[in-house]
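Data block below; observations after.
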Amino acid sequence: MAITIEKANVTTPTVQVSGRLSHREITDLKPTTTKDSTKIKVGTFRTWLEEWHLPSYGMQKMNIKVPKDYSFNQLSAILKDGNFHINYLTGQKLLVTLKDGDFVGEKSNFSNTNLKTDSAEADLTNWNGKITLQSDSGNQIVKDSTGDFTLNNRSGMSQVHRQKATSGEITNASGKVITTRVKADHLTINSKNGTDIIEQMEGKLFLSSLSGKSVLRDNRGEQTIESKSGDIIVVETAVNGKMNVRSETGLIKMTLSKGYHNKQFQIIAPHGQVTSDFLWQNHAVKSAIKIQTTDGIVKVLEGDA
């Protein structure tokens, strides 16, 4: 099922369905309307006889058009699999459950957006409002949008690009996290054994991982990076805010601009190996850069890459 919802030059909402429909489906297609809501049921329901004689129904398409001044109190959809596309919509709540397929939302404004997927991909562009995405293995993409966001994923990829928010949170167990040019007061990332790439963030960052790899480049703001056994790679081509970096047994490699010679470094590595181009101490109380490892490897290098 492919569903498209968009604003158009209509005076009342209209629904157009194309594709082969079963008899039961045609019967169920009539919208159920109450004072506060309208419900439409569509899907390929097949009796055993229809399965026998008509095994393939092909792709079905639903196009819903609403007036340009229309605003949803709540727009909700539950789909087993399909493609769901919305464009230029406004409303209070958007609730979508999609097992497989993809959800694409563009240039819309909802106070609260909640998308729950299994393996389906969720893609939001130029979106305004609070965003909550939850997925088992599907990819999640939010870009060029405004609003607080929460992304949860087990093994898929979570991406946030050019987002403006007060706060953001990304939790990803074994997939990949990529953020670029996020501007937020607070960004929290919780990762287990995946790969995290954070670039050009403005704001306070807290990143925690178990055994995955963390790569941070040219971020602006206070950074706290913690890992149990994962590697942490930091590149800063200009002097940034305070950094607190810790990996118990992994590699910590920091490549910093020469301006960091004016900053105070504290490195704590009771059983680890330390190589540093910058002067450091074990007990620098007011350090701008604090690096800790139990028995890992620490490399702090001067350079631009």
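Just so we're on the same page: first chain in the structure tokens is A, next is B, and so on; residues restart at 1 for each chain, and ligands are numbered from 1 in the order they show up.
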
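Summary of the local environment: counting only C-alpha atoms, residues at most 7 Å from range 94-101 of chain A, other than itself and those fewer than 6 positions away along its chain, are Gln74, Leu75, Ser76, Ala77, Ile78, Leu79, Lys80, Asp81, Gly82, Asn83, Phe110, Asn112, Thr113, Asn114, Leu115, Lys116, Thr117, Asp118, Ser119, Ala120 and Glu121 of chain A.
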
Write the residues of the preceding selection, restricted to N, CA and C atoms, as a compact mmCIF listing (two decimals), in the first residue's frame.
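Okay, selection.txt is ready:
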```txt
# COMPACT_ATOMS: atom_id res chain seq x y z
N GLN A 74 -5.39 15.05 15.34
CA GLN A 74 -4.54 13.86 15.41
C GLN A 74 -4.63 13.10 14.10
N LEU A 75 -3.50 12.80 13.53
CA LEU A 75 -3.42 11.97 12.33
C LEU A 75 -2.68 10.70 12.71
N SER A 76 -3.34 9.56 12.58
CA SER A 76 -2.72 8.30 12.97
C SER A 76 -2.90 7.26 11.88
N ALA A 77 -1.93 6.37 11.76
CA ALA A 77 -1.98 5.31 10.76
C ALA A 77 -1.27 4.08 11.30
N ILE A 78 -1.84 2.91 11.05
CA ILE A 78 -1.23 1.64 11.41
C ILE A 78 -1.12 0.81 10.14
N LEU A 79 0.11 0.51 9.74
CA LEU A 79 0.35 -0.19 8.49
C LEU A 79 1.27 -1.38 8.73
N LYS A 80 0.94 -2.50 8.08
CA LYS A 80 1.83 -3.66 8.17
C LYS A 80 3.05 -3.42 7.30
N ASP A 81 2.84 -3.10 6.05
CA ASP A 81 3.93 -2.70 5.18
C ASP A 81 3.40 -1.79 4.09
N GLY A 82 4.26 -0.90 3.65
CA GLY A 82 3.85 0.04 2.62
C GLY A 82 4.71 1.28 2.61
N ASN A 83 4.32 2.22 1.77
CA ASN A 83 5.01 3.50 1.65
C ASN A 83 4.05 4.61 2.05
N PHE A 110 3.97 19.46 13.08
CA PHE A 110 3.14 18.79 14.09
C PHE A 110 3.76 19.05 15.46
N ASN A 112 3.61 17.20 18.05
CA ASN A 112 4.22 15.95 18.48
C ASN A 112 4.15 14.93 17.35
N THR A 113 5.30 14.38 16.99
CA THR A 113 5.37 13.34 15.97
C THR A 113 5.95 12.08 16.59
N ASN A 114 5.25 10.96 16.44
CA ASN A 114 5.70 9.70 17.02
C ASN A 114 5.62 8.62 15.94
N LEU A 115 6.77 8.13 15.51
CA LEU A 115 6.84 7.10 14.47
C LEU A 115 7.46 5.84 15.06
N LYS A 116 6.75 4.73 14.93
CA LYS A 116 7.25 3.45 15.42
C LYS A 116 7.35 2.49 14.25
N THR A 117 8.56 1.97 14.00
CA THR A 117 8.77 1.09 12.86
C THR A 117 9.50 -0.17 13.31
N ASP A 118 9.39 -1.20 12.45
CA ASP A 118 10.16 -2.42 12.67
C ASP A 118 11.42 -2.34 11.81
N SER A 119 11.28 -2.65 10.52
CA SER A 119 12.42 -2.52 9.60
C SER A 119 12.22 -1.38 8.61
N ALA A 120 11.12 -0.68 8.71
CA ALA A 120 10.84 0.41 7.77
C ALA A 120 11.78 1.59 8.02
N GLU A 121 12.02 2.36 6.98
CA GLU A 121 12.85 3.56 7.09
C GLU A 121 11.96 4.76 7.36
```

For Val245 in chain A, list every protein, DNA or RNA residue within 9 Å, evaluated using only C-alpha atoms, and leave out those in the same chain fewer than 4 positions away; present the list as a PyMOL selection string.
chain A and resi 223-227+232+252+289-293

Proximity to Lys7 in chain A - best of A:Ser208, A:Ser108, A:Gln92, A:Thr188, only C-alpha atoms:
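So, comparing all the options, the nearest one is A:Ser108.
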
Give the helix (DSSP H, G or I) residues of range 111-262 of chain A, as assigned by DSSP on the backbone, as a VMD selection string.
chain A and resid 258 to 262

Can you work out which one of A:Leu279, A:Leu251, A:Ile3, A:Val182 has the shortest atom-to-atom distance to Ile40 in chain A, counting only C-alpha atoms?
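Smallest distance to Ile40 in chain A is found for A:Ile3.
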
Nearby residues (only C-alpha atoms) at most 12 Å from range 215-220 of chain A, same-chain spacing under 2 positions excluded, as a JSON list (two decimals) with N, CA and C atoms, in the first residue's frame:
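Just written: around-v3.json:
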```
[["chain", "number", "residue", "atom", "x", "y", "z"],
["A", 176, "LYS", "N", 24.51, 2.37, 13.70],
["A", 176, "LYS", "CA", 25.41, 3.50, 13.50],
["A", 176, "LYS", "C", 24.68, 4.81, 13.76],
["A", 177, "VAL", "N", 25.36, 5.73, 14.42],
["A", 177, "VAL", "CA", 24.81, 7.06, 14.69],
["A", 177, "VAL", "C", 25.67, 8.09, 13.97],
["A", 178, "ILE", "N", 25.02, 8.96, 13.19],
["A", 178, "ILE", "CA", 25.73, 10.04, 12.50],
["A", 178, "ILE", "C", 24.97, 11.34, 12.73],
["A", 179, "THR", "N", 25.65, 12.35, 13.25],
["A", 179, "THR", "CA", 25.04, 13.67, 13.35],
["A", 179, "THR", "C", 26.01, 14.70, 12.76],
["A", 180, "THR", "N", 25.47, 15.67, 12.04],
["A", 180, "THR", "CA", 26.28, 16.76, 11.50],
["A", 180, "THR", "C", 25.55, 18.08, 11.71],
["A", 181, "ARG", "N", 26.27, 19.05, 12.20],
["A", 181, "ARG", "CA", 25.79, 20.43, 12.35],
["A", 181, "ARG", "C", 24.48, 20.51, 13.13],
["A", 182, "VAL", "N", 24.41, 19.75, 14.20],
["A", 182, "VAL", "CA", 23.27, 19.85, 15.12],
["A", 182, "VAL", "C", 23.53, 21.01, 16.07],
["A", 183, "LYS", "N", 22.52, 21.83, 16.28],
["A", 183, "LYS", "CA", 22.62, 22.94, 17.22],
["A", 183, "LYS", "C", 21.59, 22.71, 18.32],
["A", 184, "ALA", "N", 22.08, 22.35, 19.52],
["A", 184, "ALA", "CA", 21.18, 22.01, 20.63],
["A", 184, "ALA", "C", 21.85, 22.39, 21.95],
["A", 185, "ASP", "N", 21.04, 22.77, 22.92],
["A", 185, "ASP", "CA", 21.60, 23.05, 24.24],
["A", 185, "ASP", "C", 22.23, 21.79, 24.83],
["A", 186, "HIS", "N", 21.54, 20.65, 24.63],
["A", 186, "HIS", "CA", 22.03, 19.37, 25.16],
["A", 186, "HIS", "C", 21.77, 18.27, 24.14],
["A", 187, "LEU", "N", 22.77, 17.45, 23.89],
["A", 187, "LEU", "CA", 22.62, 16.25, 23.06],
["A", 187, "LEU", "C", 23.21, 15.08, 23.82],
["A", 194, "GLY", "N", 27.98, -0.03, 18.58],
["A", 194, "GLY", "CA", 27.94, 0.50, 17.23],
["A", 194, "GLY", "C", 29.01, 1.55, 17.00],
["A", 195, "THR", "N", 28.87, 2.31, 15.92],
["A", 195, "THR", "CA", 29.79, 3.39, 15.58],
["A", 195, "THR", "C", 29.05, 4.72, 15.66],
["A", 196, "ASP", "N", 29.65, 5.69, 16.33],
["A", 196, "ASP", "CA", 29.06, 7.01, 16.48],
["A", 196, "ASP", "C", 29.97, 8.05, 15.84],
["A", 197, "ILE", "N", 29.41, 8.87, 14.95],
["A", 197, "ILE", "CA", 30.17, 9.93, 14.29],
["A", 197, "ILE", "C", 29.44, 11.25, 14.54],
["A", 198, "ILE", "N", 30.09, 12.15, 15.26],
["A", 198, "ILE", "CA", 29.48, 13.43, 15.63],
["A", 198, "ILE", "C", 30.35, 14.55, 15.07],
["A", 199, "GLU", "N", 29.79, 15.37, 14.20],
["A", 199, "GLU", "CA", 30.56, 16.41, 13.55],
["A", 199, "GLU", "C", 29.88, 17.78, 13.66],
["A", 200, "GLN", "N", 30.67, 18.78, 13.99],
["A", 200, "GLN", "CA", 30.26, 20.19, 13.96],
["A", 200, "GLN", "C", 29.00, 20.46, 14.77],
["A", 201, "MET", "N", 28.93, 19.86, 15.93],
["A", 201, "MET", "CA", 27.80, 20.13, 16.82],
["A", 201, "MET", "C", 28.06, 21.41, 17.61],
["A", 202, "GLU", "N", 27.01, 22.17, 17.85],
["A", 202, "GLU", "CA", 27.07, 23.35, 18.71],
["A", 202, "GLU", "C", 26.19, 23.08, 19.93],
["A", 203, "GLY", "N", 26.82, 23.00, 21.11],
["A", 203, "GLY", "CA", 26.08, 22.73, 22.32],
["A", 203, "GLY", "C", 26.80, 21.72, 23.19],
["A", 204, "LYS", "N", 26.17, 21.36, 24.28],
["A", 204, "LYS", "CA", 26.75, 20.43, 25.24],
["A", 204, "LYS", "C", 26.47, 18.99, 24.82],
["A", 205, "LEU", "N", 27.53, 18.18, 24.75],
["A", 205, "LEU", "CA", 27.41, 16.81, 24.26],
["A", 205, "LEU", "C", 27.82, 15.82, 25.34],
["A", 206, "PHE", "N", 26.98, 14.79, 25.53],
["A", 206, "PHE", "CA", 27.34, 13.65, 26.38],
["A", 206, "PHE", "C", 27.17, 12.39, 25.55],
["A", 207, "LEU", "N", 28.25, 11.62, 25.40],
["A", 207, "LEU", "CA", 28.22, 10.39, 24.61],
["A", 207, "LEU", "C", 28.75, 9.25, 25.46],
["A", 209, "SER", "N", 29.31, 4.94, 25.45],
["A", 209, "SER", "CA", 29.28, 3.70, 24.68],
["A", 209, "SER", "C", 29.91, 2.58, 25.50],
["A", 212, "GLY", "N", 31.75, 0.27, 21.34],
["A", 212, "GLY", "CA", 31.76, 0.79, 19.98],
["A", 212, "GLY", "C", 32.83, 1.83, 19.75],
["A", 213, "LYS", "N", 32.88, 2.35, 18.54],
["A", 213, "LYS", "CA", 33.85, 3.36, 18.16],
["A", 213, "LYS", "C", 33.17, 4.72, 18.10],
["A", 222, "GLU", "N", 30.94, 22.06, 25.33],
["A", 222, "GLU", "CA", 31.49, 21.10, 26.29],
["A", 222, "GLU", "C", 31.18, 19.67, 25.85],
["A", 223, "GLN", "N", 32.20, 18.79, 25.92],
["A", 223, "GLN", "CA", 32.02, 17.41, 25.49],
["A", 223, "GLN", "C", 32.44, 16.45, 26.60],
["A", 224, "THR", "N", 31.56, 15.48, 26.87],
["A", 224, "THR", "CA", 31.87, 14.39, 27.80],
["A", 224, "THR", "C", 31.70, 13.09, 27.04],
["A", 225, "ILE", "N", 32.79, 12.34, 26.88],
["A", 225, "ILE", "CA", 32.78, 11.12, 26.09],
["A", 225, "ILE", "C", 33.26, 9.98, 26.97],
["A", 230, "GLY", "N", 35.68, 0.82, 24.11],
["A", 230, "GLY", "CA", 35.69, 1.30, 22.74],
["A", 230, "GLY", "C", 36.77, 2.33, 22.48],
["A", 231, "ASP", "N", 37.06, 2.55, 21.20],
["A", 231, "ASP", "CA", 38.02, 3.57, 20.79],
["A", 231, "ASP", "C", 37.33, 4.92, 20.66],
["A", 232, "ILE", "N", 38.04, 5.97, 21.02],
["A", 232, "ILE", "CA", 37.53, 7.34, 20.92],
["A", 232, "ILE", "C", 38.51, 8.16, 20.09],
["A", 233, "ILE", "N", 38.02, 8.73, 19.00],
["A", 233, "ILE", "CA", 38.84, 9.55, 18.11],
["A", 233, "ILE", "C", 38.28, 10.97, 18.12],
["A", 234, "VAL", "N", 39.12, 11.95, 18.47],
["A", 234, "VAL", "CA", 38.69, 13.34, 18.54],
["A", 234, "VAL", "C", 39.59, 14.18, 17.64],
["A", 235, "VAL", "N", 38.99, 15.01, 16.79],
["A", 235, "VAL", "CA", 39.73, 15.94, 15.94],
["A", 235, "VAL", "C", 39.16, 17.33, 16.16],
["A", 236, "GLU", "N", 40.02, 18.28, 16.56],
["A", 236, "GLU", "CA", 39.59, 19.67, 16.75],
["A", 236, "GLU", "C", 40.58, 20.58, 16.03],
["A", 237, "THR", "N", 40.12, 21.27, 15.00],
["A", 237, "THR", "CA", 40.99, 22.17, 14.24],
["A", 237, "THR", "C", 40.98, 23.59, 14.78],
["A", 238, "ALA", "N", 40.16, 23.85, 15.81],
["A", 238, "ALA", "CA", 40.14, 25.15, 16.48],
["A", 238, "ALA", "C", 39.87, 24.89, 17.96],
["A", 239, "VAL", "N", 40.28, 25.85, 18.79],
["A", 239, "VAL", "CA", 40.12, 25.66, 20.23],
["A", 239, "VAL", "C", 38.65, 25.61, 20.59],
["A", 240, "ASN", "N", 38.27, 24.59, 21.33],
["A", 240, "ASN", "CA", 36.88, 24.32, 21.68],
["A", 240, "ASN", "C", 36.70, 24.49, 23.19],
["A", 241, "GLY", "N", 35.53, 24.10, 23.70],
["A", 241, "GLY", "CA", 35.27, 24.17, 25.12],
["A", 241, "GLY", "C", 35.91, 23.02, 25.88],
["A", 242, "LYS", "N", 35.45, 22.79, 27.09],
["A", 242, "LYS", "CA", 36.02, 21.75, 27.94],
["A", 242, "LYS", "C", 35.73, 20.36, 27.36],
["A", 243, "MET", "N", 36.68, 19.44, 27.57],
["A", 243, "MET", "CA", 36.50, 18.07, 27.12],
["A", 243, "MET", "C", 36.88, 17.11, 28.24],
["A", 245, "VAL", "N", 37.24, 13.06, 28.46],
["A", 245, "VAL", "CA", 37.26, 11.87, 27.62],
["A", 245, "VAL", "C", 37.76, 10.69, 28.44],
["A", 251, "LEU", "N", 41.42, 2.71, 22.88],
["A", 251, "LEU", "CA", 42.33, 3.75, 22.40],
["A", 251, "LEU", "C", 41.66, 5.11, 22.48],
["A", 252, "ILE", "N", 42.38, 6.09, 23.00],
["A", 252, "ILE", "CA", 41.95, 7.48, 22.94],
["A", 252, "ILE", "C", 42.97, 8.23, 22.09],
["A", 253, "LYS", "N", 42.52, 8.72, 20.95],
["A", 253, "LYS", "CA", 43.40, 9.46, 20.05],
["A", 253, "LYS", "C", 42.80, 10.83, 19.79],
["A", 254, "MET", "N", 43.53, 11.87, 20.17],
["A", 254, "MET", "CA", 43.06, 13.24, 19.99],
["A", 254, "MET", "C", 44.05, 14.00, 19.13],
["A", 255, "THR", "N", 43.55, 14.60, 18.05],
["A", 255, "THR", "CA", 44.37, 15.43, 17.18],
["A", 255, "THR", "C", 43.86, 16.86, 17.32],
["A", 256, "LEU", "N", 44.70, 17.74, 17.89],
["A", 256, "LEU", "CA", 44.25, 19.07, 18.28],
["A", 256, "LEU", "C", 45.10, 20.15, 17.61],
["A", 257, "SER", "N", 44.49, 21.31, 17.42],
["A", 257, "SER", "CA", 45.22, 22.43, 16.84],
["A", 257, "SER", "C", 46.24, 22.97, 17.84],
["A", 304, "ASP", "N", 46.19, 19.13, 12.14],
["A", 304, "ASP", "CA", 44.95, 19.67, 11.59],
["A", 304, "ASP", "C", 44.04, 18.59, 11.04],
["A", 305, "ALA", "N", 44.38, 17.31, 11.23],
["A", 305, "ALA", "CA", 43.55, 16.23, 10.69],
["A", 305, "ALA", "C", 43.73, 14.98, 11.51]]
```

Set the distance at 10 Å and use only C-alpha atoms: which residues neighbour Asn9 in chain A once local chain neighbours fewer than 4 positions away are removed? I'd like the list as a list in words.
Lys65, Val66, Pro67, Lys68 and Asp69 of chain A

Go ahead and save the picked residues with N, CA and C atoms, as a PDB file, in the first residue's frame.
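Saved to out06.pdb:
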```
ATOM      1  N   LYS A  65      -6.312  14.117  -0.048  1.00  0.00           N
ATOM      2  CA  LYS A  65      -6.084  15.542  -0.195  1.00  0.00           C
ATOM      3  C   LYS A  65      -6.942  16.295   0.813  1.00  0.00           C
ATOM      4  N   VAL A  66      -6.335  17.269   1.466  1.00  0.00           N
ATOM      5  CA  VAL A  66      -7.065  18.078   2.450  1.00  0.00           C
ATOM      6  C   VAL A  66      -6.943  19.545   2.054  1.00  0.00           C
ATOM      7  N   PRO A  67      -7.896  20.392   2.499  1.00  0.00           N
ATOM      8  CA  PRO A  67      -7.820  21.823   2.176  1.00  0.00           C
ATOM      9  C   PRO A  67      -6.527  22.452   2.691  1.00  0.00           C
ATOM     10  N   LYS A  68      -6.102  23.516   2.047  1.00  0.00           N
ATOM     11  CA  LYS A  68      -4.833  24.138   2.400  1.00  0.00           C
ATOM     12  C   LYS A  68      -4.829  24.735   3.803  1.00  0.00           C
ATOM     13  N   ASP A  69      -6.000  25.088   4.327  1.00  0.00           N
ATOM     14  CA  ASP A  69      -6.061  25.645   5.675  1.00  0.00           C
ATOM     15  C   ASP A  69      -6.414  24.586   6.717  1.00  0.00           C
TER      16      ASP A  69
END
```

Computed gap from CA of Ser158 in chain A to CA of Ser71 in chain A is 29.2 Å

Shell of 6 Å around Ser191 in chain A, only C-alpha atoms, local chain residues under 3 positions omitted, as JSON, numbers by chain
{"A": [171, 172, 173, 209]}

Selection file, N, CA and C atoms, as a short mmCIF file (atom, residue, chain, number, x, y, z; two decimals), in the first residue's frame:
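Dumped everything to again03.cif:
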```cif
data_model
loop_
_atom_site.label_atom_id
_atom_site.label_comp_id
_atom_site.auth_asym_id
_atom_site.auth_seq_id
_atom_site.Cartn_x
_atom_site.Cartn_y
_atom_site.Cartn_z
N THR A 171 19.50 6.85 21.24
CA THR A 171 19.90 5.58 21.84
C THR A 171 19.95 4.54 20.73
N ASN A 172 21.11 3.91 20.58
CA ASN A 172 21.29 2.94 19.50
C ASN A 172 22.17 1.81 20.02
N ALA A 173 21.66 0.57 19.95
CA ALA A 173 22.37 -0.56 20.54
C ALA A 173 23.56 -1.00 19.70
N SER A 209 29.31 4.94 25.45
CA SER A 209 29.28 3.70 24.68
C SER A 209 29.91 2.58 25.50
#
```

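Our summary of the geometry notes that CA of Thr12 in chain A is positioned 23.9 Å from CA of Val104 in chain A.
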
I want to know what sits within 6 Å of range 13-20 of chain A, based on only C-alpha atoms, with residues of the same chain fewer than 2 positions away left out; could you give that as a compact mmCIF listing (two decimals) with C-alpha atoms, in the first residue's frame?
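Listed below is the output, part-v6.txt:
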```txt
# COMPACT_ATOMS: atom_id res chain seq x y z
CA TYR A 57 -3.34 -7.98 -6.13
CA GLN A 60 -2.60 -0.35 -4.12
CA LYS A 61 -2.42 3.44 -3.87
CA MET A 62 -4.33 5.84 -1.66
CA ASN A 63 -4.17 9.59 -2.19
CA ILE A 64 -5.71 11.82 0.47
CA LYS A 65 -6.08 15.54 -0.19
CA VAL A 66 -7.07 18.08 2.45
```

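Comparing A:Ser137, A:Asn244, A:Thr249, A:Gln163 by their smallest distance to Ser211 in chain A, the closest is A:Thr249 (using only C-alpha atoms).
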
Do you know which residues are at most 7 Å from Asn109 in chain A counting only C-alpha atoms, after dropping those on the same chain fewer than 6 positions away, and could you put them as a ChimeraX atom specification?
/A:89-91,127-129
